[in-house]
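**Student:** start-v5.tsv (TSV, C-alpha atoms) pasted underneath:
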```tsv
chain	number	residue	atom	x	y	z
A	1	MET	CA	-8.45	-16.21	14.83
A	2	ILE	CA	-10.26	-12.91	15.52
A	3	VAL	CA	-13.18	-11.61	13.46
A	4	PHE	CA	-14.82	-8.29	14.22
A	5	LYS	CA	-17.01	-5.65	12.58
A	6	ALA	CA	-14.71	-2.72	11.88
A	7	HIS	CA	-17.06	-0.65	9.66
A	8	SER	CA	-20.73	-0.51	8.76
A	9	LYS	CA	-19.76	-0.58	5.08
A	10	PRO	CA	-16.88	-2.28	3.19
A	11	THR	CA	-13.40	-2.08	4.69
A	12	TYR	CA	-10.96	-0.28	2.42
A	13	ALA	CA	-7.61	-0.96	4.07
A	14	VAL	CA	-5.87	-2.42	7.13
A	15	ALA	CA	-2.48	-1.62	8.69
A	16	PHE	CA	-0.78	-3.10	11.77
A	17	SER	CA	0.97	-0.91	14.31
A	18	PRO	CA	4.75	-1.56	14.54
A	19	ASP	CA	4.36	-3.61	17.75
A	20	GLY	CA	1.48	-5.64	16.29
A	21	ASN	CA	-0.83	-4.82	19.20
A	22	ALA	CA	-3.10	-2.46	17.26
A	23	LEU	CA	-4.68	-2.31	13.81
A	24	ALA	CA	-5.79	0.73	11.80
A	25	THR	CA	-8.70	0.35	9.37
A	26	SER	CA	-10.44	2.61	6.87
A	27	GLY	CA	-13.91	2.06	5.51
A	28	CYS	CA	-16.56	3.11	3.06
A	29	ASP	CA	-18.46	4.58	6.02
A	30	GLU	CA	-15.94	7.45	5.81
A	31	THR	CA	-14.06	6.65	9.00
A	32	VAL	CA	-10.53	5.67	9.95
A	33	ARG	CA	-10.36	3.67	13.16
A	34	LEU	CA	-7.64	2.37	15.46
A	35	TRP	CA	-8.27	-0.90	17.29
A	36	SER	CA	-6.40	-2.44	20.19
A	37	LEU	CA	-6.23	-6.20	19.72
A	38	ASN	CA	-5.85	-7.62	23.20
A	39	PRO	CA	-8.87	-7.66	23.40
A	40	VAL	CA	-10.39	-5.99	20.31
A	41	GLU	CA	-11.55	-2.50	21.23
A	42	GLN	CA	-11.84	0.72	19.26
A	43	VAL	CA	-9.53	3.35	20.75
A	44	ARG	CA	-9.52	6.17	18.19
A	45	GLU	CA	-11.49	7.43	15.17
A	46	TRP	CA	-10.68	10.02	12.50
A	47	PRO	CA	-12.53	11.31	9.40
A	48	GLY	CA	-12.22	9.02	6.39
A	49	SER	CA	-12.95	9.49	2.69
A	50	LYS	CA	-15.72	8.70	0.22
A	51	PHE	CA	-13.07	7.45	-2.20
A	52	TRP	CA	-10.93	4.35	-1.59
A	53	ALA	CA	-8.72	5.44	1.32
A	54	PRO	CA	-5.32	3.77	1.75
A	55	ILE	CA	-3.86	4.01	5.25
A	56	ALA	CA	-0.46	3.74	6.93
A	57	ILE	CA	1.00	3.88	10.43
A	58	SER	CA	4.47	5.40	10.82
A	59	PRO	CA	7.26	2.92	11.70
A	60	ASP	CA	7.77	4.69	15.05
A	61	GLY	CA	4.07	4.25	15.86
A	62	ARG	CA	3.42	7.97	16.39
A	63	PHE	CA	1.28	8.85	13.35
A	64	VAL	CA	-1.57	7.46	11.25
A	65	ALA	CA	-2.34	8.63	7.71
A	66	ARG	CA	-5.00	8.07	5.08
A	67	GLY	CA	-5.48	9.00	1.44
A	68	GLY	CA	-8.54	9.19	-0.79
A	69	TYR	CA	-10.13	12.59	-1.37
A	70	GLY	CA	-7.32	14.44	0.33
A	71	ALA	CA	-4.41	13.14	2.42
A	72	ARG	CA	-4.40	13.48	6.20
A	73	THR	CA	-1.87	12.65	8.91
A	74	TRP	CA	-2.74	12.67	12.62
A	75	PRO	CA	-0.74	12.09	15.80
A	76	ILE	CA	-2.04	8.88	17.33
A	77	GLU	CA	-1.72	10.22	20.86
A	78	GLY	CA	-3.83	13.20	21.93
A	79	THR	CA	-6.85	14.81	20.31
A	80	ALA	CA	-5.19	17.30	17.98
A	81	GLY	CA	-6.49	17.87	14.45
A	82	PRO	CA	-4.54	16.72	11.39
A	83	LEU	CA	-0.86	17.61	11.39
A	84	ILE	CA	-0.85	17.38	7.58
A	85	ALA	CA	-3.83	18.09	5.32
A	86	SER	CA	-3.87	18.11	1.52
A	87	ASP	CA	-6.88	18.30	-0.78
A	88	SER	CA	-5.17	16.33	-3.56
A	89	HIS	CA	-6.69	13.05	-4.74
A	90	THR	CA	-4.37	10.48	-3.16
A	91	GLU	CA	-4.06	6.81	-4.12
A	92	SER	CA	-1.03	5.89	-1.98
A	93	VAL	CA	0.33	7.08	1.35
A	94	CYS	CA	3.50	5.98	3.12
A	95	PHE	CA	6.07	6.98	5.71
A	96	ALA	CA	9.83	6.87	5.28
A	97	PRO	CA	11.37	4.00	7.27
A	98	ASP	CA	12.87	6.50	9.74
A	99	SER	CA	9.42	8.14	10.19
A	100	LYS	CA	10.82	11.57	9.33
A	101	VAL	CA	8.95	12.02	6.02
A	102	PHE	CA	5.33	11.43	4.99
A	103	VAL	CA	4.54	11.00	1.28
A	104	ALA	CA	1.25	11.12	-0.64
A	105	HIS	CA	0.96	10.16	-4.30
A	106	GLY	CA	-1.94	10.39	-6.71
A	107	SER	CA	-2.94	10.84	-10.31
A	108	SER	CA	-4.02	14.46	-9.83
A	109	GLY	CA	-2.01	17.47	-10.91
A	110	ASP	CA	-0.03	17.62	-7.65
A	111	GLY	CA	1.50	14.16	-8.17
A	112	LEU	CA	3.99	13.38	-5.40
A	113	GLN	CA	3.78	15.42	-2.18
A	114	ARG	CA	6.18	15.23	0.79
A	115	TRP	CA	6.19	16.60	4.34
A	116	ALA	CA	8.67	16.55	7.21
A	117	LEU	CA	7.72	14.94	10.51
A	118	PRO	CA	6.97	15.83	13.23
A	119	SER	CA	6.84	19.46	12.03
A	120	GLY	CA	4.40	18.88	9.16
A	121	LYS	CA	6.42	21.27	6.99
A	122	ALA	CA	6.04	20.77	3.22
A	123	LEU	CA	9.12	19.42	1.43
A	124	PRO	CA	10.04	19.58	-2.27
A	125	GLY	CA	7.99	17.06	-4.26
A	126	GLY	CA	6.52	16.60	-7.71
A	127	TRP	CA	9.12	13.99	-8.68
A	128	GLY	CA	8.27	12.88	-12.21
A	129	GLY	CA	5.86	15.75	-12.77
A	130	ALA	CA	2.22	15.49	-13.79
A	131	ARG	CA	0.15	15.10	-16.94
A	132	GLU	CA	0.04	18.89	-17.32
A	133	SER	CA	3.79	19.43	-16.91
A	134	SER	CA	4.63	16.67	-19.42
A	135	GLY	CA	2.22	17.86	-22.09
A	136	GLY	CA	0.22	14.65	-21.67
A	137	ARG	CA	3.14	12.32	-22.38
A	138	SER	CA	3.21	10.91	-18.84
A	139	PHE	CA	1.13	10.96	-15.68
A	140	PRO	CA	1.42	9.53	-12.14
A	141	THR	CA	-0.81	6.51	-11.54
A	142	GLY	CA	-0.65	6.47	-7.75
A	143	ALA	CA	1.16	3.23	-6.80
A	144	MET	CA	4.17	3.91	-4.55
A	145	ALA	CA	6.56	2.15	-2.16
A	146	TYR	CA	9.59	3.01	0.00
A	147	HIS	CA	12.70	0.83	-0.05
A	148	PRO	CA	13.18	-0.63	3.46
A	149	ASP	CA	16.33	1.43	4.07
A	150	GLY	CA	14.73	4.65	2.77
A	151	SER	CA	17.29	5.07	-0.01
A	152	VAL	CA	14.72	4.72	-2.82
A	153	LEU	CA	11.13	5.77	-3.36
A	154	ALA	CA	9.36	3.99	-6.22
A	155	THR	CA	6.42	5.73	-7.93
A	156	CYS	CA	4.49	4.53	-10.96
A	157	PHE	CA	3.71	6.55	-14.10
A	158	GLY	CA	1.90	5.95	-17.35
A	159	VAL	CA	4.43	6.92	-20.04
A	160	LEU	CA	3.40	7.37	-23.67
A	161	GLY	CA	5.04	4.78	-25.92
A	162	LYS	CA	4.41	3.08	-29.25
A	163	ARG	CA	1.68	0.82	-27.83
A	164	GLY	CA	-0.05	3.40	-25.65
A	165	TYR	CA	0.77	4.39	-22.09
A	166	ASP	CA	3.41	2.01	-20.72
A	167	SER	CA	3.50	1.35	-16.99
A	168	VAL	CA	6.84	2.49	-15.55
A	169	PHE	CA	8.08	2.54	-11.96
A	170	TYR	CA	10.61	5.32	-11.48
A	171	LEU	CA	13.19	4.72	-8.75
A	172	TRP	CA	14.01	8.03	-7.05
A	173	ASP	CA	16.73	8.78	-4.53
A	174	GLY	CA	14.67	8.86	-1.34
A	175	ARG	CA	16.19	12.15	-0.20
A	176	SER	CA	17.18	14.18	-3.24
A	177	GLY	CA	14.63	12.96	-5.79
A	178	GLU	CA	17.36	12.14	-8.31
A	179	LEU	CA	16.26	9.44	-10.76
A	180	ARG	CA	18.21	6.22	-10.15
A	181	GLY	CA	16.46	3.75	-12.42
A	182	GLU	CA	13.18	2.48	-13.79
A	183	LEU	CA	11.18	-0.75	-13.95
A	184	ARG	CA	9.02	-1.29	-17.01
A	185	ALA	CA	6.10	-3.66	-17.45
A	186	ALA	CA	5.96	-5.78	-20.60
A	187	TYR	CA	2.54	-4.51	-21.61
A	188	ALA	CA	0.74	-1.22	-22.09
A	189	SER	CA	-2.35	0.55	-20.77
A	190	ALA	CA	-2.39	-1.35	-17.45
A	191	HIS	CA	-1.25	0.36	-14.28
A	192	PRO	CA	-0.68	-0.99	-10.76
A	193	THR	CA	-2.89	-0.15	-7.81
A	194	ALA	CA	-0.38	-1.13	-5.10
A	195	ALA	CA	3.31	-2.00	-4.77
A	196	ARG	CA	5.67	-3.29	-2.08
A	197	PHE	CA	9.42	-3.80	-1.74
A	198	SER	CA	10.63	-7.09	-0.29
A	199	PRO	CA	12.14	-6.78	3.22
A	200	ASP	CA	15.70	-6.85	1.84
A	201	GLY	CA	14.81	-4.40	-0.93
A	202	SER	CA	15.91	-6.74	-3.73
A	203	LEU	CA	12.41	-7.14	-5.22
A	204	LEU	CA	9.47	-4.91	-6.04
A	205	ALA	CA	6.04	-6.53	-6.38
A	206	ALA	CA	2.97	-4.81	-7.81
A	207	ILE	CA	-0.60	-5.75	-8.69
A	208	TYR	CA	-2.09	-4.89	-12.10
A	209	GLY	CA	-5.72	-5.96	-12.12
A	210	PRO	CA	-5.58	-9.79	-12.39
A	211	LEU	CA	-1.76	-9.81	-12.68
A	212	LEU	CA	0.91	-10.00	-9.98
A	213	CYS	CA	4.26	-8.73	-11.30
A	214	VAL	CA	7.68	-8.85	-9.64
A	215	TRP	CA	10.98	-7.16	-10.56
A	216	ASP	CA	14.59	-7.63	-9.57
A	217	VAL	CA	15.37	-4.07	-8.49
A	218	LYS	CA	19.15	-4.17	-9.04
A	219	ALA	CA	18.92	-5.77	-12.49
A	220	GLN	CA	15.78	-3.72	-13.29
A	221	THR	CA	14.18	-6.75	-14.95
A	222	GLU	CA	10.86	-8.50	-14.49
A	223	VAL	CA	11.34	-11.89	-12.81
A	224	ALA	CA	7.76	-13.14	-12.34
A	225	LYS	CA	4.23	-12.63	-13.57
A	226	ARG	CA	1.34	-14.57	-12.08
A	227	GLN	CA	-2.42	-14.71	-12.61
A	228	VAL	CA	-5.18	-16.57	-10.75
A	229	GLY	CA	-8.29	-16.59	-12.91
A	230	LYS	CA	-9.84	-13.27	-13.86
A	231	LYS	CA	-10.30	-11.80	-10.38
A	232	HIS	CA	-8.39	-8.58	-9.73
A	233	PHE	CA	-5.77	-8.48	-7.01
A	234	LYS	CA	-6.70	-5.96	-4.29
A	235	GLY	CA	-3.78	-6.00	-1.89
A	236	LEU	CA	-0.35	-7.50	-1.19
A	237	ALA	CA	2.23	-7.65	1.60
A	238	PHE	CA	5.56	-9.42	2.17
A	239	ALA	CA	6.21	-11.51	5.25
A	240	PRO	CA	9.09	-9.99	7.28
A	241	ASP	CA	11.42	-12.89	6.47
A	242	GLY	CA	10.91	-12.25	2.75
A	243	ARG	CA	10.11	-15.89	1.98
A	244	ARG	CA	6.41	-15.32	1.32
A	245	LEU	CA	4.20	-12.76	-0.35
A	246	VAL	CA	0.54	-12.70	0.63
A	247	THR	CA	-2.20	-11.38	-1.68
A	248	VAL	CA	-5.96	-10.92	-1.70
A	249	SER	CA	-8.15	-10.74	-4.77
A	250	ASN	CA	-11.77	-9.85	-5.36
A	251	ASP	CA	-12.88	-13.08	-3.65
A	252	GLU	CA	-12.76	-14.65	-0.16
A	253	THR	CA	-9.30	-16.24	-0.44
A	254	VAL	CA	-5.92	-15.16	0.93
A	255	ARG	CA	-3.08	-16.59	-1.19
A	256	LEU	CA	0.54	-17.19	-0.14
A	257	TRP	CA	3.37	-17.19	-2.70
A	258	ASP	CA	6.86	-18.63	-2.32
A	259	THR	CA	9.24	-15.81	-3.29
A	260	ALA	CA	11.93	-18.24	-4.44
A	261	THR	CA	9.78	-19.98	-7.05
A	262	TRP	CA	6.73	-17.68	-7.19
A	263	SER	CA	4.49	-20.71	-6.87
A	264	GLU	CA	1.28	-20.49	-4.86
A	265	THR	CA	1.93	-22.52	-1.70
A	266	ASP	CA	-1.05	-22.06	0.59
A	267	GLY	CA	-4.32	-20.22	1.07
A	268	PHE	CA	-7.01	-19.32	3.56
A	269	GLU	CA	-10.68	-18.73	2.88
A	270	TRP	CA	-12.45	-16.28	5.20
A	271	LYS	CA	-16.19	-15.66	5.18
A	272	ILE	CA	-16.12	-11.89	5.55
A	273	GLY	CA	-17.08	-11.00	1.97
A	274	LYS	CA	-14.80	-10.24	-0.93
A	275	LEU	CA	-11.37	-9.33	0.42
A	276	SER	CA	-10.05	-5.84	-0.27
A	277	SER	CA	-6.90	-5.46	1.85
A	278	ILE	CA	-4.13	-7.38	3.60
A	279	ASP	CA	-1.28	-6.68	6.02
A	280	VAL	CA	1.32	-8.67	7.96
A	281	SER	CA	2.56	-7.68	11.42
A	282	ALA	CA	6.20	-6.62	11.72
A	283	ASP	CA	7.10	-9.77	13.67
A	284	GLY	CA	5.39	-11.97	11.07
A	285	CYS	CA	3.18	-13.64	13.67
A	286	ARG	CA	-0.17	-12.26	12.46
A	287	MET	CA	-1.96	-11.37	9.26
A	288	ALA	CA	-5.08	-9.25	8.85
A	289	ALA	CA	-7.55	-8.87	5.98
A	290	GLY	CA	-10.54	-6.59	5.43
A	291	GLY	CA	-13.66	-7.47	3.49
A	292	SER	CA	-16.72	-6.14	1.72
A	293	THR	CA	-18.98	-6.76	4.74
A	294	GLY	CA	-16.99	-4.29	6.85
A	295	LYS	CA	-15.50	-7.13	8.87
A	296	VAL	CA	-11.82	-7.73	9.57
A	297	VAL	CA	-10.17	-11.10	10.24
A	298	ILE	CA	-6.85	-11.51	12.08
A	299	TRP	CA	-5.12	-14.88	12.36
A	300	ASP	CA	-1.90	-16.34	13.72
A	301	VAL	CA	0.74	-17.37	11.20
A	302	ASP	CA	2.76	-20.58	11.41
A	303	ALA	CA	6.49	-20.06	11.02
```
For the file at hand, write its structure as structure tokens.

**Tutor:**
Amino acid sequence: MIVFKAHSKPTYAVAFSPDGNALATSGCDETVRLWSLNPVEQVREWPGSKFWAPIAISPDGRFVARGGYGARTWPIEGTAGPLIASDSHTESVCFAPDSKVFVAHGSSGDGLQRWALPSGKALPGGWGGARESSGGRSFPTGAMAYHPDGSVLATCFGVLGKRGYDSVFYLWDGRSGELRGELRAAYASAHPTAARFSPDGSLLAAIYGPLLCVWDVKAQTEVAKRQVGKKHFKGLAFAPDGRRLVTVSNDETVRLWDTATWSETDGFEWKIGKLSSIDVSADGCRMAAGGSTGKVVIWDVDA
């Protein structure tokens, strides 16, 4: 187990590099940092955000990105300024699995934004529109995830229905933006803060405050809904083998879920404050969590 002080204020998010030898973190101290892990040493730092700043590292390991008040993407190597810079309020950032597209998604008027990599050229976006373009009948809520093969990009919207604004994940063709399906929650006026596809792409999991919800993507039906007390979920990640989902809530406990039964199977309690973020390395050998004290904990995972 490794515990280190990543930020002077709470840690917003953590993300492993593809090889698992480095970890990116963002914090309330308005910094984004890259840490080598053998041993732990800060190797890079970029400007962060006052607002909650999600982060991502491209699957090829060449770029790091953060959201918050504006989206930014930097080359990890070298000292160049941001390759991509947007002033839009961004709640989710992600890279296409082939690392050729960067996507930012938020609840502001710009909605979904896309850029080509490594050129940084803007690509057509706005899939699903915005509150303004729909006359207030729908609006993007920020949660977003790429299918592992890049064929689908899921983005969440609040869509006006009989009960209020229903939470709907739209499933877009990852290249053309053509609508291929939708996943609806069974309740209104609650919207997810994060979402992840399972490694085989058959499931989509999302966190809605104190609720964890899971859909069968092909059948477009909800297959599980779980709640642990009243604490809000803050982050989630699938293990690479797809057999486990790991979550953190607004407490000090990491919870593991069996994806066959959706029963809680194990947990770890780390004394680094209330946990706000979680990630699993691509080889499944390590997990990392960030907490309210600015500390990060990394631990080895039993197979």

**Student:** Using all atoms listed in the file, what does the table of region 168-250 of chain A residues within 12 Å of region 92-104 of chain A look like, with each row giving the shortest atom pair and its distance in Å to one decimal, sorted by chain and ascending number, as JSON lines?

**Tutor:**
```
{"residue": "A:Gly174", "atom": "CA", "partner": "A:Ala96", "partner_atom": "CA", "distance": 8.4}
{"residue": "A:Arg175", "atom": "CA", "partner": "A:Val101", "partner_atom": "CA", "distance": 9.5}
{"residue": "A:Pro192", "atom": "CA", "partner": "A:Ser92", "partner_atom": "CA", "distance": 11.2}
{"residue": "A:Thr193", "atom": "CA", "partner": "A:Ser92", "partner_atom": "CA", "distance": 8.6}
{"residue": "A:Ala194", "atom": "CA", "partner": "A:Ser92", "partner_atom": "CA", "distance": 7.7}
{"residue": "A:Ala195", "atom": "CA", "partner": "A:Ser92", "partner_atom": "CA", "distance": 9.4}
{"residue": "A:Arg196", "atom": "CA", "partner": "A:Cys94", "partner_atom": "CA", "distance": 10.8}
{"residue": "A:Pro199", "atom": "CA", "partner": "A:Pro97", "partner_atom": "CA", "distance": 11.5}
```

**Student:** Can you tell me which residues surround Thr141 (chain A) at a distance of at most 7 Å, considering only C-alpha atoms, apart from same-chain residues fewer than 5 positions away, and format the answer as a list of chain:residue names?

**Tutor:** A:Gly106, A:Ser107, A:Cys156, A:Phe157, A:Gly158, A:His191

**Student:** Env of Cys28 (chain A): 9 Å cut, atoms = all atoms listed in the file, seq-sep filter 2 positions within chain, self excluded. Answer as a list in words.

**Tutor:**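 My reading of the contact set: His7, Ser8, Lys9, Pro10, Thr11, Tyr12, Ser26, Glu30, Thr31, Gly48, Ser49, Lys50, Phe51, Trp52, Ala53 and Gly294 of chain A.
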
**Student:** Write out as a PDB file with C-alpha atoms, in the frame of the given file each polymer residue whose atoms come within 6 Å of Arg66 (chain A), counting only C-alpha atoms; drop sequence neighbours fewer than 2 positions from it.

**Tutor:**
```pdb
ATOM      1  CA  ALA A  53      -8.720   5.440   1.320  1.00  0.00           C
ATOM      2  CA  PRO A  54      -5.320   3.770   1.750  1.00  0.00           C
ATOM      3  CA  ILE A  55      -3.860   4.010   5.250  1.00  0.00           C
ATOM      4  CA  ALA A  71      -4.410  13.140   2.420  1.00  0.00           C
ATOM      5  CA  ARG A  72      -4.400  13.480   6.200  1.00  0.00           C
TER       6      ARG A  72
END
```

**Student:** Using only C-alpha atoms, pick whichever of A:Ile84, A:Ala190, A:Ala145, A:Leu23 has the shortest atom-to-atom distance to Tyr165 (chain A).

**Tutor:** A:Ala190

**Student:** Give me the residues within 12 Å of Trp172 (chain A) as JSON, numbers by chain, counting only C-alpha atoms and dropping any in the same chain fewer than 5 places off.

**Tutor:** {"A": [112, 125, 126, 127, 128, 144, 145, 146, 147, 150, 151, 152, 153, 154, 155, 156, 177, 178, 179, 180, 181, 182, 183]}
